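S.K.: Sharing a structure with you now.
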Amino acid sequence: MIHIGAVSLGWSGHTLPEVFTQLSEMGGTCIEINGNTERHHSLRLNETTIPQVKTWAGEAGLTINSLSGYCDFAQTDAAALETEIERLLVTCRVAAAMDIPVVRAFTGDVKPGITLAAVRANIIAAFRAACTEAADLGVTLGIENHGRLINDGPALVQLVDEVGADNLGFTIDTGNFAWAGHNLAQVRADFEAVAPRAVNIHIKDGVWTGGDFAFVTAGEGDLPLAWLIETLVAGGYDNTICSEYEGTGNFAECTAKSIGYLKTTLKQAQG
């Protein structure tokens with residue numbers, strides 16, 4: 001069953017009970033919790049707090065289907081790479097303890113003097129290692145199309161193919177391909193490439209203004225979101241679709257509108 005909700009990062013500085021209550025009042029039924037809860041929600045996820053967090057979510061009528069993990073595998077130093085693998089696996093262990101099936105992951109971003117060719121093999125090796133332990137935990141990793149190092153749909157698919165792990169797919173951030181410089185035709189091609197392997201969805205919308213891409217409320221921009229949702233439904237996608245509003249408007253108002261648009265669009269796609 002596909003659930004509509006939001007990513008908790010937009011509520012940074014609010015407690016999780018506040019986040020859950022507000023999201024529920026907006027009509028959301030699921031949430032992706034940011035893995036760095038201590039920084040963003042003043043709560044460390046551990047064996048003491050996890051049962052309480054799950055209770056709060058249940059009382060608000062929300063399922064927690066994904067956890068935002070952090071990692072930067074664009075490393076040339078072996079010790080730094082091992083540190084980043086462990087950073088992601090810490091989040092995977094928390095996800096397993098919370099019965100959360102998906103953890104968002106990153107490939108890594110550009111750095112001075114670092115090219116994709118120099119780090120690509122390390123990225124693949126790191127995901128192979130992380131996926132091995134994540135599989136034992138019952139966790140699927142979803143690479144987000146984030147940053148500018150490798151923010152291209154077909155290139156990401158090729159990378160996942162080379163990793164060769166059954167528990168590796170994509171967290172599709174619908175705004176990030178355009179943010180990284182792709183035009184509308186390229187974005188649609190990106191969506192077509194990664195949609196069959198989607199395990200998690202972050203919804204952003206936006207408009208091209210000159211050489212920039214500005215984020216707006218879902219359904220009010222230029223991105224083919226309805227087409228993507230129809231494609232996901234037709235392909236049997238069965239996890240969360242979460243609003244991640246990052247525009248300049250009022251976060252709560254725009255997130256509520258985005259959730260309303262996503263619920264209507266999903267219903268239409270499901271017939």
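Labels used: A, B, ... for chains in the order of the structure tokens, numbers from 1 for residues in each chain, and numbers from 1 for ligands as shown.
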Quick one: DSSP strand (DSSP E or B) residues in stretch 17-92 of chain A, as a list of chain:residue names?
M.R.: A:Cys30, A:Ile31, A:Glu32, A:Ile33, A:Asn34, A:Thr63, A:Ile64, A:Asn65, A:Ser66, A:Leu67, A:Ser68
S.K.: Put those residues in a file: N, CA, C and O atoms, as a PDB file, in the first residue's frame.
M.R.:
ATOM      1  N   CYS A  30       2.139   8.766   6.688  1.00  0.00           N
ATOM      2  CA  CYS A  30       3.457   8.176   6.869  1.00  0.00           C
ATOM      3  C   CYS A  30       4.479   9.289   7.041  1.00  0.00           C
ATOM      4  O   CYS A  30       4.208  10.458   6.757  1.00  0.00           O
ATOM      5  N   ILE A  31       5.670   8.900   7.487  1.00  0.00           N
ATOM      6  CA  ILE A  31       6.739   9.875   7.673  1.00  0.00           C
ATOM      7  C   ILE A  31       8.079   9.203   7.466  1.00  0.00           C
ATOM      8  O   ILE A  31       8.254   8.021   7.753  1.00  0.00           O
ATOM      9  N   GLU A  32       9.007   9.964   6.906  1.00  0.00           N
ATOM     10  CA  GLU A  32      10.406   9.572   6.935  1.00  0.00           C
ATOM     11  C   GLU A  32      11.082  10.402   8.013  1.00  0.00           C
ATOM     12  O   GLU A  32      11.073  11.631   7.953  1.00  0.00           O
ATOM     13  N   ILE A  33      11.627   9.731   9.000  1.00  0.00           N
ATOM     14  CA  ILE A  33      12.322  10.436  10.076  1.00  0.00           C
ATOM     15  C   ILE A  33      13.767  10.676   9.671  1.00  0.00           C
ATOM     16  O   ILE A  33      14.432   9.775   9.158  1.00  0.00           O
ATOM     17  N   ASN A  34      14.252  11.883   9.892  1.00  0.00           N
ATOM     18  CA  ASN A  34      15.652  12.157   9.652  1.00  0.00           C
ATOM     19  C   ASN A  34      16.495  11.399  10.661  1.00  0.00           C
ATOM     20  O   ASN A  34      16.238  11.450  11.863  1.00  0.00           O
ATOM     21  N   THR A  63       2.711   5.696   9.858  1.00  0.00           N
ATOM     22  CA  THR A  63       3.708   4.638   9.747  1.00  0.00           C
ATOM     23  C   THR A  63       5.056   5.285   9.446  1.00  0.00           C
ATOM     24  O   THR A  63       5.132   6.286   8.733  1.00  0.00           O
ATOM     25  N   ILE A  64       6.111   4.722  10.021  1.00  0.00           N
ATOM     26  CA  ILE A  64       7.471   5.192   9.752  1.00  0.00           C
ATOM     27  C   ILE A  64       8.089   4.183   8.795  1.00  0.00           C
ATOM     28  O   ILE A  64       8.503   3.102   9.195  1.00  0.00           O
ATOM     29  N   ASN A  65       8.117   4.526   7.525  1.00  0.00           N
ATOM     30  CA  ASN A  65       8.547   3.573   6.499  1.00  0.00           C
ATOM     31  C   ASN A  65       9.966   3.793   6.014  1.00  0.00           C
ATOM     32  O   ASN A  65      10.503   2.976   5.271  1.00  0.00           O
ATOM     33  N   SER A  66      10.573   4.900   6.400  1.00  0.00           N
ATOM     34  CA  SER A  66      11.947   5.156   5.958  1.00  0.00           C
ATOM     35  C   SER A  66      12.667   6.040   6.973  1.00  0.00           C
ATOM     36  O   SER A  66      12.042   6.788   7.730  1.00  0.00           O
ATOM     37  N   LEU A  67      13.993   5.909   6.967  1.00  0.00           N
ATOM     38  CA  LEU A  67      14.857   6.670   7.861  1.00  0.00           C
ATOM     39  C   LEU A  67      15.937   7.309   6.999  1.00  0.00           C
ATOM     40  O   LEU A  67      16.554   6.643   6.164  1.00  0.00           O
ATOM     41  N   SER A  68      16.155   8.598   7.169  1.00  0.00           N
ATOM     42  CA  SER A  68      17.158   9.309   6.370  1.00  0.00           C
ATOM     43  C   SER A  68      18.549   9.020   6.902  1.00  0.00           C
ATOM     44  O   SER A  68      18.901   9.455   7.997  1.00  0.00           O
TER      45      SER A  68
END
S.K.: Quick one: residues within 12 Å of A:Val19, only C-alpha atoms, excluding same-chain residues fewer than 3 positions away - as a count of residues only?
M.R.: 32
S.K.: Find, counting only C-alpha atoms, the residue in A:Cys254, A:Ala269, A:Ala96, A:Val216 that gets nearest to A:Gly235.
M.R.: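 The answer is A:Ala269, which sits nearest to A:Gly235.
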S.K.: Just the residues within 10 Å of A:Ile50, please, counting only C-alpha atoms, with nothing from its chain fewer than 4 positions along; format it as a PDB file with N, CA, C and O atoms, in the first residue's frame.
M.R.:
ATOM      1  N   LEU A  43      16.349  14.485  20.182  1.00  0.00           N
ATOM      2  CA  LEU A  43      16.078  13.151  20.712  1.00  0.00           C
ATOM      3  C   LEU A  43      17.016  12.152  20.050  1.00  0.00           C
ATOM      4  O   LEU A  43      17.084  12.095  18.816  1.00  0.00           O
ATOM      5  N   ARG A  44      17.734  11.381  20.845  1.00  0.00           N
ATOM      6  CA  ARG A  44      18.589  10.338  20.283  1.00  0.00           C
ATOM      7  C   ARG A  44      17.799   9.041  20.209  1.00  0.00           C
ATOM      8  O   ARG A  44      17.169   8.630  21.193  1.00  0.00           O
ATOM      9  N   LEU A  45      17.820   8.411  19.041  1.00  0.00           N
ATOM     10  CA  LEU A  45      17.130   7.136  18.879  1.00  0.00           C
ATOM     11  C   LEU A  45      17.982   6.023  19.473  1.00  0.00           C
ATOM     12  O   LEU A  45      19.076   5.731  18.977  1.00  0.00           O
ATOM     13  N   ASN A  46      17.479   5.411  20.528  1.00  0.00           N
ATOM     14  CA  ASN A  46      18.186   4.307  21.168  1.00  0.00           C
ATOM     15  C   ASN A  46      17.157   3.348  21.751  1.00  0.00           C
ATOM     16  O   ASN A  46      15.945   3.523  21.574  1.00  0.00           O
ATOM     17  N   LYS A  54       7.834   5.060  18.445  1.00  0.00           N
ATOM     18  CA  LYS A  54       6.877   4.231  17.713  1.00  0.00           C
ATOM     19  C   LYS A  54       5.463   4.410  18.263  1.00  0.00           C
ATOM     20  O   LYS A  54       4.491   4.438  17.506  1.00  0.00           O
ATOM     21  N   THR A  55       5.347   4.580  19.576  1.00  0.00           N
ATOM     22  CA  THR A  55       4.037   4.825  20.187  1.00  0.00           C
ATOM     23  C   THR A  55       3.476   6.166  19.737  1.00  0.00           C
ATOM     24  O   THR A  55       2.292   6.273  19.370  1.00  0.00           O
ATOM     25  N   TRP A  56       4.316   7.195  19.750  1.00  0.00           N
ATOM     26  CA  TRP A  56       3.865   8.521  19.303  1.00  0.00           C
ATOM     27  C   TRP A  56       3.359   8.468  17.867  1.00  0.00           C
ATOM     28  O   TRP A  56       2.311   9.042  17.538  1.00  0.00           O
ATOM     29  N   VAL A  94      19.538   1.146  13.627  1.00  0.00           N
ATOM     30  CA  VAL A  94      18.395   1.811  14.247  1.00  0.00           C
ATOM     31  C   VAL A  94      17.123   1.471  13.482  1.00  0.00           C
ATOM     32  O   VAL A  94      16.076   1.177  14.076  1.00  0.00           O
ATOM     33  N   ALA A  95      17.194   1.503  12.157  1.00  0.00           N
ATOM     34  CA  ALA A  95      16.024   1.178  11.336  1.00  0.00           C
ATOM     35  C   ALA A  95      15.530  -0.230  11.638  1.00  0.00           C
ATOM     36  O   ALA A  95      14.325  -0.467  11.765  1.00  0.00           O
ATOM     37  N   ALA A  97      15.891  -1.903  14.388  1.00  0.00           N
ATOM     38  CA  ALA A  97      15.293  -1.907  15.722  1.00  0.00           C
ATOM     39  C   ALA A  97      13.900  -1.293  15.722  1.00  0.00           C
ATOM     40  O   ALA A  97      13.075  -1.613  16.582  1.00  0.00           O
ATOM     41  N   MET A  98      13.641  -0.413  14.756  1.00  0.00           N
ATOM     42  CA  MET A  98      12.345   0.260  14.671  1.00  0.00           C
ATOM     43  C   MET A  98      11.413  -0.387  13.649  1.00  0.00           C
ATOM     44  O   MET A  98      10.322   0.116  13.404  1.00  0.00           O
TER      45      MET A  98
END
S.K.: Name all residues at most 10 Å from A:Asn183 (count only C-alpha atoms; drop same-chain ones fewer than 4 positions away) and give them as a compact mmCIF listing (two decimals) with N, CA, C and O atoms, in the first residue's frame.
M.R.:
# COMPACT_ATOMS: atom_id res chain seq x y z
N PHE A 177 17.23 16.28 -9.72
CA PHE A 177 17.79 16.21 -11.07
C PHE A 177 17.77 17.60 -11.71
O PHE A 177 18.74 18.04 -12.34
N ALA A 178 16.64 18.30 -11.56
CA ALA A 178 16.52 19.65 -12.12
C ALA A 178 17.45 20.61 -11.39
O ALA A 178 18.11 21.46 -12.02
N TRP A 179 17.52 20.50 -10.08
CA TRP A 179 18.42 21.34 -9.29
C TRP A 179 19.87 21.20 -9.75
O TRP A 179 20.64 22.16 -9.75
N VAL A 187 15.05 15.43 -17.15
CA VAL A 187 14.43 14.99 -15.89
C VAL A 187 13.48 13.83 -16.13
O VAL A 187 13.47 12.84 -15.39
N ARG A 188 12.68 13.93 -17.18
CA ARG A 188 11.75 12.84 -17.47
C ARG A 188 12.52 11.55 -17.80
O ARG A 188 12.14 10.47 -17.37
N ALA A 189 13.61 11.68 -18.53
CA ALA A 189 14.44 10.51 -18.83
C ALA A 189 15.07 9.95 -17.56
O ALA A 189 15.19 8.72 -17.39
N TRP A 208 11.70 26.32 -13.73
CA TRP A 208 12.95 26.84 -14.27
C TRP A 208 12.81 28.33 -14.47
O TRP A 208 11.86 28.80 -15.11
N PHE A 213 16.66 26.78 -10.83
CA PHE A 213 15.47 25.98 -10.61
C PHE A 213 14.97 26.30 -9.20
O PHE A 213 15.69 26.11 -8.22
N LEU A 223 7.49 20.03 -13.04
CA LEU A 223 7.93 18.64 -13.06
C LEU A 223 6.76 17.68 -13.35
O LEU A 223 5.63 17.93 -12.92
S.K.: Pick out the residues sitting within 12 Å of stretch 232-234 of chain A, and hand them over as a VMD selection string; count only C-alpha atoms, and ignore anything fewer than 4 positions along from it in its own chain.
M.R.: chain A and resid 1 to 3 172 191 to 201 225 to 228 238 to 241 265 to 271
S.K.: I need the residues in stretch 26-258 of chain A that are helix (DSSP H, G or I) according to DSSP; give them as a ChimeraX atom specification.
M.R.: /A:37-41,50-59,78-97,116-137,153-163,176-179,184-197,225-234,251-258
S.K.: Work out how far atom CA of A:Gly61 is from atom CA of A:Cys242, in Å to one decimal.
M.R.: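 Computing the Euclidean distance for atom CA of A:Cys242 and atom CA of A:Gly61 yields 15.3 Å.
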S.K.: So which one's closest to A:Ala78, A:Thr48, A:Asn122, A:Thr91, A:Thr231? Using only C-alpha atoms, please.
M.R.: A:Asn122
S.K.: Report, in Å with one decimal, the straight-line distance from atom CA of A:Leu88 to atom CA of A:Ile114.
M.R.: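 Separation of atom CA of A:Leu88 and atom CA of A:Ile114: 21.4 Å.
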S.K.: Suppose you want the space between atom CA of A:Gly108 and atom CA of A:Ile143; what is it in Å?
M.R.: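 A separation of 10.1 Å between them.
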S.K.: Taking only C-alpha atoms into account, name the residue in A:Ala125, A:Val102, A:Leu116, A:Leu81 that is nearest to A:Gly142.
M.R.: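 Going through A:Ala125, A:Val102, A:Leu116, A:Leu81 one by one, the smallest distance to A:Gly142 is for A:Val102.
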